[in-house]
Each structure stands twice: as C-alpha cells, then as structure tokens.
Amino acid sequence: MPEILDQARTQVLENGVGLDEAGVLAVLNLPDEDVPAALQLAHEVRMRWCGPEVEVEGIVSLKTGGCPEDCHFCSQSGLFTSPVRSVWLDIPSLVEAAKQTAKTGATEFCIVAAVRGPDARLMKQMREGVAAIKAEVDIQVAASLGMLTEEQVDELVEMGVHRYNHNLETCRSYFPNVVTTHSWEERWETLKMVRESGMEVCCGGILGLGETVEQRAEFAAQLAELDPHEVPLNFLNPRPGTPLGDRPVVEGKDALRAIAAFRLAMPRTILRYAGGREITLGDLGTRDGLLGGINAVIVGNYLTTLGRPATDDLALLDDLKMPVKALSATL
C-alpha cells in the first residue's frame, strides 16, 4: 500500500485528523491502480467519523439568470451569451418545490438566487417563502444568496434558515482566473459571518476549472481550514456561451481521486455529490463515490442542468444499504 495511505490509516481513520495539503496532493497523484485502495480507506473514514447515513437535499432557484458577476463557469451570468434568462419564482411554486423535495425523503431544501448578494426585494421574497414553506412542509430550509452583510446574516437566522451555502469555487491562488468581479476574500468574509451567526456553513466548489492538481490540493486544505459542516463537490459541466464552455470534463478516475482526497482531508464533514457527477462519473462512478467517502447527494435537477432522477439515487442508496438521514427531531 502507498505510504500516504498507510499514514492516512493511522492519522485520519484512527485519530480523526485530516491530511494536510501535502498529504492531499499525494493522494491526488496516486497511480490508477491505487485509487480503489484510496476509495476504500475514504469509505472506512466516512463510516467511522460520519456513520452510514446519507443526507438527501433538493435545490430550487428563486431567481434564475441575469447575475451581474462574471463567474466563468456559470450560465446564469448576465455578461455571457449563454441561453439562461432572468426569471423569478413565485411563493406557491417555491412551496410546491419544497413539497416535492420532501416526498423524496430529503431533509434539506436549498433556495438559491443568482445574485451578487440579496437586495431588499430578494430578502422580502425569502422571508415570505421560508415562512410559507415552514407552514406547510416538514423540511429544513437552507439558502444560497451570494455575499451577505451582517444585517442580512441576522435576518436569515431570524427567518429560521438552517444552513447557508456560499461556495469558494476554487482555491485562493486560482480564483482570479475564474472570477474578476469580486474576490475570494469577499466570499471568505461572508462565510466567517455565517459561522459566527450559528447557521451551518455549506461551502465547496467546482473541480475541472483549469486548476492544477497542486491547486486542487490547496483548495482542499483551505476548505479544511474553514471546517464547513458540508462540502458540495461539483465537477465542471461546461455550459455553452460561458468562457469555460469548451473545457473538457474531469476524467472519472481523477474525480474519484478527488473524492477520496477531500474525505481524507475532512473526515467529519458532510461531503455531497453535486453538479456534474452524471457526465463525469456516470452510474458506476456514482456508486464508487458513495463507497469512497461521499455521504450526501443532491437529488433531481440542478439550477440550469439536469441531474439523475431522484428515484435512481434513492434506489442506489437502498441497494448499498445506506439509510437516508432522518429529519432532525429538533425542528
């Protein structure tokens, strides 16, 4: 067995201490024949420090398209020629989406808006939407509304938002190649405020943006420093009309290496399958990831791309004998 996996067996599996940046890089550089061993170890780490349960989440876009930021991977930017146009969802549609999500067995429903940060109109829509959902659906409500002020963080806490998603997207050193209209540090500030507020922190990113393997390891280490409750792992699904629309998709083996490496960096974190897994991993790779450190999934469709049918994911979890996490009794 490679030296790094021997080290991880003691350090991560037995002692619960994640690998540092150099350790993550060593896992990301493992030859193909050692990837199954890395995934097996990552699975053991997940089972020991997180347990067998899988958290299921659905997401819906409250405001789609027309975003003023230039995130080079995103078809919702108003600066690119991608075909997504600005649309607002009404409150009844939001409640219906939450109901459909709950029917899959999901415990988490995330409301997303394509904005730099929320304005007064969006905060009002959120307040009404969260109240309407809580009145009719037994589900935890999360939000992803861009960069926040301290006042907005407090408002979301008051509404009863359980978790806030704000992805760093990539490592600090590579970020300026992907976004120029705001900084990595601005995102980090929002995440610090969310953590201090008591909301759970959800923060991940996208692999395959053109970053090097070294920068992928840097990103894992920076996420580990943040210590989020949840890390959604996306793999670039190139969108027509965006600056990254012609990039190749991540190779399946590289995606699986990353899943193992991120689990070994963050043994106690909810590591969630998010966008792009369908084209990067397919059905077989999706199974491998669930047996390699992943312990949460987004079911159904994403914001502007199609996902796997929720029934397929739920059947796979049943086949793997991985119970869907129950709704918290504290709600």
# chains A, B, ... in the order shown; residues from 1 in each chain; ligands from 1
call {"tool": "residues_around", "arguments": {"residues": "region 201-210 of chain A", "least_positions_apart": "5", "cutoff": "6 Å", "atoms": "only C-alpha atoms", "output": "MDAnalysis selection string"}}
result
chainID A and resid 163:170 228:236 250
call {"tool": "write_last_selection", "arguments": {"atoms": "all heavy atoms", "output": "compact mmCIF listing (two decimals), in the first residue's frame"}}
result
# COMPACT_ATOMS: atom_id res chain seq x y z
N ARG A 163 -29.03 26.43 7.19
CA ARG A 163 -27.68 26.29 6.65
C ARG A 163 -27.53 27.28 5.50
O ARG A 163 -28.47 27.52 4.75
CB ARG A 163 -27.48 24.86 6.16
CG ARG A 163 -26.10 24.54 5.62
CD ARG A 163 -26.05 23.10 5.09
NE ARG A 163 -26.14 22.10 6.15
CZ ARG A 163 -26.41 20.82 5.93
NH1 ARG A 163 -26.64 20.39 4.71
NH2 ARG A 163 -26.49 19.97 6.94
N TYR A 164 -26.33 27.85 5.36
CA TYR A 164 -26.10 28.80 4.27
C TYR A 164 -24.99 28.27 3.37
O TYR A 164 -23.91 27.90 3.84
CB TYR A 164 -25.70 30.18 4.80
CG TYR A 164 -25.76 31.24 3.73
CD1 TYR A 164 -27.00 31.76 3.33
CD2 TYR A 164 -24.62 31.69 3.08
CE1 TYR A 164 -27.08 32.71 2.32
CE2 TYR A 164 -24.69 32.64 2.07
CZ TYR A 164 -25.93 33.14 1.69
OH TYR A 164 -26.02 34.08 0.68
N ASN A 165 -25.28 28.23 2.07
CA ASN A 165 -24.29 27.80 1.09
C ASN A 165 -23.65 29.00 0.41
O ASN A 165 -24.33 29.89 -0.10
CB ASN A 165 -24.94 26.92 0.01
CG ASN A 165 -24.04 26.79 -1.22
OD1 ASN A 165 -24.27 27.44 -2.23
ND2 ASN A 165 -23.00 25.99 -1.12
N HIS A 166 -22.32 29.01 0.43
CA HIS A 166 -21.57 30.03 -0.31
C HIS A 166 -20.26 29.38 -0.72
O HIS A 166 -19.35 29.23 0.09
CB HIS A 166 -21.35 31.25 0.59
CG HIS A 166 -20.86 32.46 -0.16
ND1 HIS A 166 -21.48 32.92 -1.29
CD2 HIS A 166 -19.82 33.31 0.07
CE1 HIS A 166 -20.86 34.02 -1.72
NE2 HIS A 166 -19.84 34.25 -0.91
N ASN A 167 -20.17 28.95 -1.96
CA ASN A 167 -19.01 28.20 -2.40
C ASN A 167 -17.81 29.12 -2.66
O ASN A 167 -17.96 30.20 -3.23
CB ASN A 167 -19.32 27.44 -3.69
CG ASN A 167 -20.25 26.27 -3.45
OD1 ASN A 167 -20.36 25.76 -2.33
ND2 ASN A 167 -20.94 25.83 -4.49
N LEU A 168 -16.64 28.66 -2.25
CA LEU A 168 -15.40 29.37 -2.60
C LEU A 168 -15.03 29.09 -4.06
O LEU A 168 -14.20 29.80 -4.63
CB LEU A 168 -14.27 28.94 -1.67
CG LEU A 168 -14.36 29.50 -0.24
CD1 LEU A 168 -13.38 28.79 0.68
CD2 LEU A 168 -14.11 31.01 -0.24
N GLU A 169 -15.61 28.04 -4.64
CA GLU A 169 -15.47 27.63 -6.04
C GLU A 169 -14.13 26.98 -6.38
O GLU A 169 -14.08 25.93 -6.99
CB GLU A 169 -15.73 28.79 -7.03
CG GLU A 169 -17.05 29.51 -6.85
CD GLU A 169 -18.29 28.62 -6.94
OE1 GLU A 169 -18.18 27.41 -7.02
OE2 GLU A 169 -19.39 29.18 -6.91
N THR A 170 -13.02 27.61 -5.97
CA THR A 170 -11.70 27.05 -6.24
C THR A 170 -10.73 27.62 -5.23
O THR A 170 -11.12 28.40 -4.35
CB THR A 170 -11.28 27.36 -7.70
OG1 THR A 170 -10.10 26.60 -8.01
CG2 THR A 170 -11.01 28.84 -7.91
N PRO A 228 -16.16 23.58 7.20
CA PRO A 228 -17.61 23.70 6.99
C PRO A 228 -18.34 22.44 7.42
O PRO A 228 -17.76 21.36 7.50
CB PRO A 228 -17.72 23.90 5.47
CG PRO A 228 -16.50 23.27 4.91
CD PRO A 228 -15.41 23.36 5.96
N HIS A 229 -19.64 22.59 7.71
CA HIS A 229 -20.47 21.43 8.02
C HIS A 229 -20.61 20.55 6.79
O HIS A 229 -20.69 19.33 6.90
CB HIS A 229 -21.85 21.87 8.51
CG HIS A 229 -21.82 22.61 9.81
ND1 HIS A 229 -21.54 23.95 9.90
CD2 HIS A 229 -22.01 22.17 11.08
CE1 HIS A 229 -21.56 24.32 11.17
NE2 HIS A 229 -21.84 23.27 11.89
N GLU A 230 -20.67 21.19 5.62
CA GLU A 230 -20.93 20.47 4.38
C GLU A 230 -20.05 21.01 3.26
O GLU A 230 -19.84 22.22 3.16
CB GLU A 230 -22.39 20.62 3.98
CG GLU A 230 -22.72 20.01 2.63
CD GLU A 230 -24.10 20.36 2.13
OE1 GLU A 230 -24.94 20.82 2.92
OE2 GLU A 230 -24.34 20.16 0.93
N VAL A 231 -19.54 20.11 2.42
CA VAL A 231 -18.78 20.49 1.24
C VAL A 231 -19.44 19.86 0.01
O VAL A 231 -19.35 18.64 -0.19
CB VAL A 231 -17.31 20.02 1.34
CG1 VAL A 231 -16.59 20.22 0.01
CG2 VAL A 231 -16.59 20.78 2.44
N PRO A 232 -20.13 20.65 -0.82
CA PRO A 232 -20.62 20.12 -2.09
C PRO A 232 -19.49 20.07 -3.11
O PRO A 232 -18.80 21.07 -3.33
CB PRO A 232 -21.70 21.12 -2.52
CG PRO A 232 -21.52 22.33 -1.69
CD PRO A 232 -20.57 22.03 -0.58
N LEU A 233 -19.28 18.90 -3.70
CA LEU A 233 -18.26 18.72 -4.73
C LEU A 233 -18.94 18.71 -6.09
O LEU A 233 -19.70 17.80 -6.41
CB LEU A 233 -17.51 17.40 -4.53
CG LEU A 233 -16.19 17.41 -3.77
CD1 LEU A 233 -15.54 16.04 -3.84
CD2 LEU A 233 -15.23 18.48 -4.27
N ASN A 234 -18.67 19.74 -6.88
CA ASN A 234 -19.16 19.81 -8.25
C ASN A 234 -18.02 19.50 -9.21
O ASN A 234 -16.85 19.77 -8.93
CB ASN A 234 -19.66 21.23 -8.58
CG ASN A 234 -20.83 21.66 -7.71
OD1 ASN A 234 -21.98 21.43 -8.05
ND2 ASN A 234 -20.54 22.30 -6.58
N PHE A 235 -18.38 18.94 -10.36
CA PHE A 235 -17.41 18.73 -11.44
C PHE A 235 -17.92 19.52 -12.63
O PHE A 235 -19.10 19.46 -12.96
CB PHE A 235 -17.31 17.24 -11.77
CG PHE A 235 -16.94 16.41 -10.57
CD1 PHE A 235 -17.92 15.72 -9.86
CD2 PHE A 235 -15.64 16.35 -10.12
CE1 PHE A 235 -17.61 14.97 -8.73
CE2 PHE A 235 -15.31 15.60 -8.98
CZ PHE A 235 -16.29 14.92 -8.29
N LEU A 236 -17.02 20.29 -13.26
CA LEU A 236 -17.47 21.20 -14.31
C LEU A 236 -18.26 20.48 -15.39
O LEU A 236 -17.81 19.49 -15.97
CB LEU A 236 -16.26 21.90 -14.96
CG LEU A 236 -16.64 22.92 -16.04
CD1 LEU A 236 -17.38 24.12 -15.44
CD2 LEU A 236 -15.42 23.37 -16.82
N VAL A 250 -13.93 16.53 -16.32
CA VAL A 250 -12.97 15.84 -15.47
C VAL A 250 -13.03 14.34 -15.76
O VAL A 250 -14.12 13.77 -15.88
CB VAL A 250 -13.27 16.11 -13.99
CG1 VAL A 250 -12.32 15.35 -13.07
CG2 VAL A 250 -13.20 17.61 -13.69
call {"tool": "residues_around", "arguments": {"residues": "Pro52 (chain A)", "least_positions_apart": "3", "cutoff": "9 Å", "atoms": "only C-alpha atoms", "output": "list of chain:residue names"}}
result
A:Arg46, A:Met47, A:Arg48, A:Asn295, A:Lys321, A:Met322, A:Pro323, A:Val324, A:Lys325
call {"tool": "write_last_selection", "arguments": {"atoms": "N, CA and C atoms", "output": "compact mmCIF listing (two decimals), in the first residue's frame"}}
result
# COMPACT_ATOMS: atom_id res chain seq x y z
N ARG A 46 -15.23 7.66 6.36
CA ARG A 46 -16.61 8.18 6.39
C ARG A 46 -17.49 7.39 7.37
N MET A 47 -17.40 6.06 7.32
CA MET A 47 -18.22 5.23 8.20
C MET A 47 -17.85 5.44 9.66
N ARG A 48 -16.56 5.60 9.94
CA ARG A 48 -16.13 5.75 11.33
C ARG A 48 -16.53 7.11 11.90
N ASN A 295 -21.16 11.20 1.45
CA ASN A 295 -22.26 10.82 2.35
C ASN A 295 -23.45 11.79 2.26
N LYS A 321 -27.45 -0.24 0.98
CA LYS A 321 -27.84 -0.31 2.39
C LYS A 321 -27.34 0.90 3.18
N MET A 322 -27.50 2.07 2.56
CA MET A 322 -27.15 3.33 3.20
C MET A 322 -28.44 4.08 3.53
N PRO A 323 -28.79 4.16 4.82
CA PRO A 323 -30.05 4.80 5.17
C PRO A 323 -30.04 6.30 4.91
N VAL A 324 -31.19 6.81 4.46
CA VAL A 324 -31.34 8.25 4.26
C VAL A 324 -31.51 8.89 5.64
N LYS A 325 -30.72 9.93 5.88
CA LYS A 325 -30.74 10.61 7.17
C LYS A 325 -32.13 11.14 7.47
call {"tool": "residues_around", "arguments": {"residues": "Met123 (chain A)", "least_positions_apart": "6", "cutoff": "10 Å", "atoms": "only C-alpha atoms", "output": "list of chain:residue names"}}
result
A:Gly117, A:Gly129, A:Leu145, A:Gln152, A:Glu155, A:Leu156
call {"tool": "write_last_selection", "arguments": {"atoms": "all heavy atoms", "output": "PDB file, in the first residue's frame"}}
result
ATOM      1  N   GLY A 117     -25.395  39.535  -4.286  1.00  0.00           N
ATOM      2  CA  GLY A 117     -25.851  39.468  -2.910  1.00  0.00           C
ATOM      3  C   GLY A 117     -27.302  39.913  -2.908  1.00  0.00           C
ATOM      4  O   GLY A 117     -27.762  40.547  -3.863  1.00  0.00           O
ATOM      5  N   GLY A 129     -41.187  33.352   1.575  1.00  0.00           N
ATOM      6  CA  GLY A 129     -41.038  31.976   1.094  1.00  0.00           C
ATOM      7  C   GLY A 129     -40.712  30.999   2.200  1.00  0.00           C
ATOM      8  O   GLY A 129     -41.309  29.916   2.295  1.00  0.00           O
ATOM      9  N   LEU A 145     -27.508  32.796  -1.413  1.00  0.00           N
ATOM     10  CA  LEU A 145     -27.923  34.091  -1.969  1.00  0.00           C
ATOM     11  C   LEU A 145     -26.735  35.008  -2.242  1.00  0.00           C
ATOM     12  O   LEU A 145     -26.889  36.220  -2.333  1.00  0.00           O
ATOM     13  CB  LEU A 145     -28.889  34.803  -1.006  1.00  0.00           C
ATOM     14  CG  LEU A 145     -30.044  33.975  -0.435  1.00  0.00           C
ATOM     15  CD1 LEU A 145     -30.782  34.767   0.641  1.00  0.00           C
ATOM     16  CD2 LEU A 145     -31.006  33.552  -1.543  1.00  0.00           C
ATOM     17  N   GLN A 152     -27.994  41.082   6.989  1.00  0.00           N
ATOM     18  CA  GLN A 152     -28.670  40.022   6.229  1.00  0.00           C
ATOM     19  C   GLN A 152     -28.443  38.651   6.861  1.00  0.00           C
ATOM     20  O   GLN A 152     -29.353  37.823   6.883  1.00  0.00           O
ATOM     21  CB  GLN A 152     -28.180  40.042   4.780  1.00  0.00           C
ATOM     22  CG  GLN A 152     -28.689  41.255   4.006  1.00  0.00           C
ATOM     23  CD  GLN A 152     -27.981  41.446   2.682  1.00  0.00           C
ATOM     24  OE1 GLN A 152     -26.850  40.986   2.480  1.00  0.00           O
ATOM     25  NE2 GLN A 152     -28.635  42.149   1.768  1.00  0.00           N
ATOM     26  N   GLU A 155     -30.837  38.468   9.634  1.00  0.00           N
ATOM     27  CA  GLU A 155     -32.201  38.279   9.118  1.00  0.00           C
ATOM     28  C   GLU A 155     -32.470  36.822   8.774  1.00  0.00           C
ATOM     29  O   GLU A 155     -33.538  36.275   9.077  1.00  0.00           O
ATOM     30  CB  GLU A 155     -32.414  39.136   7.861  1.00  0.00           C
ATOM     31  CG  GLU A 155     -33.012  40.505   8.103  1.00  0.00           C
ATOM     32  CD  GLU A 155     -33.483  41.135   6.792  1.00  0.00           C
ATOM     33  OE1 GLU A 155     -34.609  40.820   6.360  1.00  0.00           O
ATOM     34  OE2 GLU A 155     -32.705  41.911   6.213  1.00  0.00           O
ATOM     35  N   LEU A 156     -31.503  36.187   8.133  1.00  0.00           N
ATOM     36  CA  LEU A 156     -31.682  34.793   7.734  1.00  0.00           C
ATOM     37  C   LEU A 156     -31.785  33.891   8.965  1.00  0.00           C
ATOM     38  O   LEU A 156     -32.585  32.948   8.988  1.00  0.00           O
ATOM     39  CB  LEU A 156     -30.525  34.345   6.842  1.00  0.00           C
ATOM     40  CG  LEU A 156     -30.496  34.984   5.443  1.00  0.00           C
ATOM     41  CD1 LEU A 156     -29.190  34.647   4.729  1.00  0.00           C
ATOM     42  CD2 LEU A 156     -31.683  34.537   4.602  1.00  0.00           C
TER      43      LEU A 156
END
call {"tool": "select_by_dssp", "arguments": {"residues": "region 89-167 of chain A", "states": "helix (DSSP H, G or I)", "output": "VMD selection string"}}
result
chain A and resid 91 to 103 120 to 136 150 to 159
call {"tool": "closest_residue", "arguments": {"among": "A:Val56, A:Met266, A:Glu69, A:Ile91", "to": "Lys103 (chain A)", "atoms": "only C-alpha atoms"}}
result
A:Val56
call {"tool": "closest_residue", "arguments": {"among": "A:Ala260, A:Ala113, A:Val137, A:Ala142", "to": "Ala26 (chain A)", "atoms": "only C-alpha atoms"}}
result
A:Ala260
call {"tool": "residues_around", "arguments": {"residues": "Val157 (chain A)", "least_positions_apart": "2", "cutoff": "12 Å", "atoms": "only C-alpha atoms", "output": "list in words"}}
result
Met126, Arg127, Val130, Val141, Ala142, Ala143, Glu150, Glu151, Gln152, Val153, Asp154, Glu155, Met159, Gly160, Val161, His162, Arg163, Tyr164, Met193, Val194, Arg195, Glu196, Ser197, Gly198, Met199 and Glu200 of chain A
call {"tool": "write_last_selection", "arguments": {"atoms": "N, CA and C atoms", "output": "mmCIF file, in the first residue's frame"}}
result
data_model
loop_
_atom_site.group_PDB
_atom_site.id
_atom_site.type_symbol
_atom_site.label_atom_id
_atom_site.label_comp_id
_atom_site.auth_asym_id
_atom_site.auth_seq_id
_atom_site.Cartn_x
_atom_site.Cartn_y
_atom_site.Cartn_z
ATOM 1 N N MET A 126 -37.568 35.985 0.324
ATOM 2 C CA MET A 126 -37.059 34.909 1.182
ATOM 3 C C MET A 126 -37.887 34.797 2.461
ATOM 4 N N ARG A 127 -38.146 35.938 3.081
ATOM 5 C CA ARG A 127 -38.904 35.927 4.340
ATOM 6 C C ARG A 127 -40.275 35.283 4.130
ATOM 7 N N VAL A 130 -39.769 31.355 3.070
ATOM 8 C CA VAL A 130 -39.385 30.467 4.174
ATOM 9 C C VAL A 130 -40.562 30.264 5.118
ATOM 10 N N VAL A 141 -34.697 24.314 5.861
ATOM 11 C CA VAL A 141 -34.522 25.247 4.752
ATOM 12 C C VAL A 141 -33.107 25.831 4.798
ATOM 13 N N ALA A 142 -32.413 25.698 3.680
ATOM 14 C CA ALA A 142 -31.097 26.298 3.506
ATOM 15 C C ALA A 142 -31.201 27.392 2.448
ATOM 16 N N ALA A 143 -30.165 28.214 2.342
ATOM 17 C CA ALA A 143 -30.197 29.304 1.363
ATOM 18 C C ALA A 143 -28.823 29.510 0.754
ATOM 19 N N GLU A 150 -23.739 41.778 7.519
ATOM 20 C CA GLU A 150 -24.029 41.272 8.858
ATOM 21 C C GLU A 150 -25.531 41.307 9.138
ATOM 22 N N GLU A 151 -26.194 42.387 8.709
ATOM 23 C CA GLU A 151 -27.647 42.513 8.909
ATOM 24 C C GLU A 151 -28.407 41.394 8.197
ATOM 25 N N GLN A 152 -27.994 41.082 6.989
ATOM 26 C CA GLN A 152 -28.670 40.022 6.229
ATOM 27 C C GLN A 152 -28.443 38.651 6.861
ATOM 28 N N VAL A 153 -27.251 38.412 7.377
ATOM 29 C CA VAL A 153 -26.988 37.169 8.095
ATOM 30 C C VAL A 153 -27.962 37.044 9.267
ATOM 31 N N ASP A 154 -28.100 38.120 10.033
ATOM 32 C CA ASP A 154 -29.006 38.111 11.192
ATOM 33 C C ASP A 154 -30.446 37.868 10.763
ATOM 34 N N GLU A 155 -30.837 38.468 9.634
ATOM 35 C CA GLU A 155 -32.201 38.279 9.118
ATOM 36 C C GLU A 155 -32.470 36.822 8.774
ATOM 37 N N MET A 159 -35.237 34.235 10.285
ATOM 38 C CA MET A 159 -36.221 33.522 9.452
ATOM 39 C C MET A 159 -36.257 32.028 9.767
ATOM 40 N N GLY A 160 -35.167 31.529 10.317
ATOM 41 C CA GLY A 160 -35.080 30.101 10.581
ATOM 42 C C GLY A 160 -34.319 29.332 9.514
ATOM 43 N N VAL A 161 -33.486 30.027 8.727
ATOM 44 C CA VAL A 161 -32.653 29.336 7.738
ATOM 45 C C VAL A 161 -31.606 28.521 8.495
ATOM 46 N N HIS A 162 -31.528 27.262 8.148
ATOM 47 C CA HIS A 162 -30.748 26.281 8.905
ATOM 48 C C HIS A 162 -29.277 26.254 8.485
ATOM 49 N N ARG A 163 -29.032 26.430 7.189
ATOM 50 C CA ARG A 163 -27.678 26.291 6.648
ATOM 51 C C ARG A 163 -27.533 27.282 5.502
ATOM 52 N N TYR A 164 -26.329 27.846 5.362
ATOM 53 C CA TYR A 164 -26.099 28.796 4.274
ATOM 54 C C TYR A 164 -24.992 28.268 3.373
ATOM 55 N N MET A 193 -18.906 35.269 8.745
ATOM 56 C CA MET A 193 -20.098 35.821 9.403
ATOM 57 C C MET A 193 -21.168 34.747 9.598
ATOM 58 N N VAL A 194 -21.341 33.899 8.591
ATOM 59 C CA VAL A 194 -22.332 32.819 8.692
ATOM 60 C C VAL A 194 -21.968 31.889 9.847
ATOM 61 N N ARG A 195 -20.702 31.499 9.922
ATOM 62 C CA ARG A 195 -20.269 30.609 11.004
ATOM 63 C C ARG A 195 -20.527 31.235 12.376
ATOM 64 N N GLU A 196 -20.184 32.516 12.513
ATOM 65 C CA GLU A 196 -20.346 33.190 13.808
ATOM 66 C C GLU A 196 -21.819 33.352 14.187
ATOM 67 N N SER A 197 -22.711 33.320 13.201
ATOM 68 C CA SER A 197 -24.141 33.507 13.469
ATOM 69 C C SER A 197 -24.798 32.258 14.061
ATOM 70 N N GLY A 198 -24.145 31.109 13.889
ATOM 71 C CA GLY A 198 -24.743 29.853 14.346
ATOM 72 C C GLY A 198 -25.396 29.045 13.239
ATOM 73 N N MET A 199 -25.579 29.654 12.050
ATOM 74 C CA MET A 199 -26.061 28.858 10.916
ATOM 75 C C MET A 199 -24.977 27.858 10.531
ATOM 76 N N GLU A 200 -25.394 26.706 9.986
ATOM 77 C CA GLU A 200 -24.408 25.774 9.474
ATOM 78 C C GLU A 200 -23.788 26.336 8.188
#
call {"tool": "atom_distance", "arguments": {"atom1": "CA of Ala114 (chain A)", "atom2": "CA of Ala97 (chain A)"}}
result
17.6 Å
call {"tool": "residues_around", "arguments": {"residues": "Asp254 (chain A)", "least_positions_apart": "6", "cutoff": "10 Å", "atoms": "only C-alpha atoms", "output": "list in words"}}
result
Leu28, Asn29, Leu30, Asp32, Val35, Leu207, Gly208, Val213, Ala260, Thr280 and Leu281 of chain A
call {"tool": "select_by_dssp", "arguments": {"residues": "region 25-270 of chain A", "states": "strand (DSSP E or B)", "output": "VMD selection string"}}
result
chain A and resid 54 to 64 67 77 87 to 88 108 to 113 140 to 144 163 to 165 169 200 to 202 205 to 207 230 to 235 270
call {"tool": "write_last_selection", "arguments": {"atoms": "N, CA and C atoms", "output": "CSV table (one decimal), in the first residue's frame"}}
result
chain,number,residue,atom,x,y,z
A,54,VAL,N,-26.9,8.9,4.8
A,54,VAL,CA,-26.7,9.8,3.7
A,54,VAL,C,-27.7,10.9,3.8
A,55,GLU,N,-27.3,12.2,3.7
A,55,GLU,CA,-28.2,13.3,3.7
A,55,GLU,C,-28.6,13.6,2.3
A,56,VAL,N,-29.9,13.7,2.1
A,56,VAL,CA,-30.5,14.0,0.8
A,56,VAL,C,-31.1,15.4,0.8
A,57,GLU,N,-30.8,16.1,-0.3
A,57,GLU,CA,-31.2,17.5,-0.4
A,57,GLU,C,-31.7,17.8,-1.8
A,58,GLY,N,-32.7,18.7,-1.9
A,58,GLY,CA,-33.2,19.2,-3.2
A,58,GLY,C,-32.9,20.7,-3.2
A,59,ILE,N,-32.7,21.2,-4.4
A,59,ILE,CA,-32.5,22.7,-4.6
A,59,ILE,C,-33.4,23.3,-5.6
A,60,VAL,N,-33.7,24.6,-5.4
A,60,VAL,CA,-34.6,25.3,-6.4
A,60,VAL,C,-34.1,26.7,-6.5
A,61,SER,N,-34.2,27.2,-7.7
A,61,SER,CA,-33.8,28.6,-8.0
A,61,SER,C,-34.9,29.6,-7.8
A,62,LEU,N,-34.8,30.5,-6.8
A,62,LEU,CA,-35.8,31.5,-6.6
A,62,LEU,C,-35.6,32.6,-7.7
A,63,LYS,N,-34.4,33.0,-8.0
A,63,LYS,CA,-34.1,33.9,-9.1
A,63,LYS,C,-33.0,33.3,-10.0
A,64,THR,N,-33.4,33.1,-11.2
A,64,THR,CA,-32.5,32.4,-12.2
A,64,THR,C,-32.0,33.5,-13.2
A,67,CYS,N,-27.4,37.5,-13.5
A,67,CYS,CA,-26.5,37.8,-12.4
A,67,CYS,C,-25.4,38.8,-13.0
A,77,SER,N,-24.8,34.1,-15.5
A,77,SER,CA,-24.2,35.4,-15.6
A,77,SER,C,-24.9,36.2,-16.7
A,87,VAL,N,-35.4,35.0,-14.4
A,87,VAL,CA,-36.7,34.5,-14.1
A,87,VAL,C,-36.8,34.5,-12.6
A,88,TRP,N,-38.0,35.0,-12.0
A,88,TRP,CA,-38.3,34.9,-10.6
A,88,TRP,C,-39.3,33.8,-10.4
A,108,GLU,N,-33.4,18.3,3.5
A,108,GLU,CA,-32.8,19.7,3.3
A,108,GLU,C,-33.3,20.2,1.9
A,109,PHE,N,-33.8,21.5,2.0
A,109,PHE,CA,-34.3,22.2,0.8
A,109,PHE,C,-33.6,23.5,0.7
A,110,CYS,N,-32.8,23.7,-0.4
A,110,CYS,CA,-32.0,24.9,-0.5
A,110,CYS,C,-32.6,25.8,-1.5
A,111,ILE,N,-32.8,27.1,-1.1
A,111,ILE,CA,-33.3,28.1,-2.0
A,111,ILE,C,-32.1,28.9,-2.5
A,112,VAL,N,-32.0,29.0,-3.8
A,112,VAL,CA,-30.8,29.6,-4.5
A,112,VAL,C,-31.2,30.8,-5.3
A,113,ALA,N,-30.4,31.8,-5.3
A,113,ALA,CA,-30.6,33.0,-6.2
A,113,ALA,C,-29.3,33.4,-6.9
A,140,GLN,N,-35.9,21.1,6.5
A,140,GLN,CA,-35.0,22.1,6.9
A,140,GLN,C,-34.8,23.0,5.7
A,141,VAL,N,-34.7,24.3,5.9
A,141,VAL,CA,-34.5,25.2,4.8
A,141,VAL,C,-33.1,25.8,4.8
A,142,ALA,N,-32.4,25.7,3.7
A,142,ALA,CA,-31.1,26.3,3.5
A,142,ALA,C,-31.2,27.4,2.4
A,143,ALA,N,-30.2,28.2,2.3
A,143,ALA,CA,-30.2,29.3,1.4
A,143,ALA,C,-28.8,29.5,0.8
A,144,SER,N,-28.8,30.0,-0.5
A,144,SER,CA,-27.6,30.4,-1.2
A,144,SER,C,-27.9,31.7,-2.0
A,163,ARG,N,-29.0,26.4,7.2
A,163,ARG,CA,-27.7,26.3,6.6
A,163,ARG,C,-27.5,27.3,5.5
A,164,TYR,N,-26.3,27.8,5.4
A,164,TYR,CA,-26.1,28.8,4.3
A,164,TYR,C,-25.0,28.3,3.4
A,165,ASN,N,-25.3,28.2,2.1
A,165,ASN,CA,-24.3,27.8,1.1
A,165,ASN,C,-23.6,29.0,0.4
A,169,GLU,N,-15.6,28.0,-4.6
A,169,GLU,CA,-15.5,27.6,-6.0
A,169,GLU,C,-14.1,27.0,-6.4
A,200,GLU,N,-25.4,26.7,10.0
A,200,GLU,CA,-24.4,25.8,9.5
A,200,GLU,C,-23.8,26.3,8.2
A,201,VAL,N,-22.5,26.0,8.0
A,201,VAL,CA,-21.8,26.5,6.8
A,201,VAL,C,-21.7,25.4,5.8
A,202,CYS,N,-22.1,25.7,4.6
A,202,CYS,CA,-22.0,24.8,3.4
A,202,CYS,C,-21.1,25.5,2.4
A,205,GLY,N,-17.0,23.7,-4.0
A,205,GLY,CA,-16.6,24.3,-5.3
A,205,GLY,C,-16.7,23.4,-6.4
A,206,ILE,N,-16.0,23.7,-7.5
A,206,ILE,CA,-16.1,23.0,-8.8
A,206,ILE,C,-14.7,22.6,-9.2
A,207,LEU,N,-14.5,21.3,-9.5
A,207,LEU,CA,-13.3,20.8,-10.0
A,207,LEU,C,-13.3,20.7,-11.5
A,230,GLU,N,-20.7,21.2,5.6
A,230,GLU,CA,-20.9,20.5,4.4
A,230,GLU,C,-20.0,21.0,3.3
A,231,VAL,N,-19.5,20.1,2.4
A,231,VAL,CA,-18.8,20.5,1.2
A,231,VAL,C,-19.4,19.9,0.0
A,232,PRO,N,-20.1,20.7,-0.8
A,232,PRO,CA,-20.6,20.1,-2.1
A,232,PRO,C,-19.5,20.1,-3.1
A,233,LEU,N,-19.3,18.9,-3.7
A,233,LEU,CA,-18.3,18.7,-4.7
A,233,LEU,C,-18.9,18.7,-6.1
A,234,ASN,N,-18.7,19.7,-6.9
A,234,ASN,CA,-19.2,19.8,-8.3
A,234,ASN,C,-18.0,19.5,-9.2
A,235,PHE,N,-18.4,18.9,-10.4
A,235,PHE,CA,-17.4,18.7,-11.4
A,235,PHE,C,-17.9,19.5,-12.6
A,270,ILE,N,-19.8,16.6,6.0
A,270,ILE,CA,-20.8,16.1,5.0
A,270,ILE,C,-20.2,16.4,3.7
call {"tool": "residues_around", "arguments": {"residues": "Leu5 (chain A)", "least_positions_apart": "3", "cutoff": "9 Å", "atoms": "only C-alpha atoms", "output": "ChimeraX atom specification"}}
result
/A:1-2,8-10,27,37-38,41
call {"tool": "atom_distance", "arguments": {"atom1": "CA of Arg216 (chain A)", "atom2": "CA of Cys171 (chain A)"}}
result
7.0 Å
call {"tool": "closest_residue", "arguments": {"among": "A:Arg272, A:Arg121, A:His182, A:Arg257", "to": "Gly285 (chain A)", "atoms": "only C-alpha atoms"}}
result
A:Arg257
call {"tool": "closest_residue", "arguments": {"among": "A:Glu14, A:Asp90, A:Glu225, A:Asp119", "to": "Leu191 (chain A)", "atoms": "only C-alpha atoms"}}
result
A:Glu225
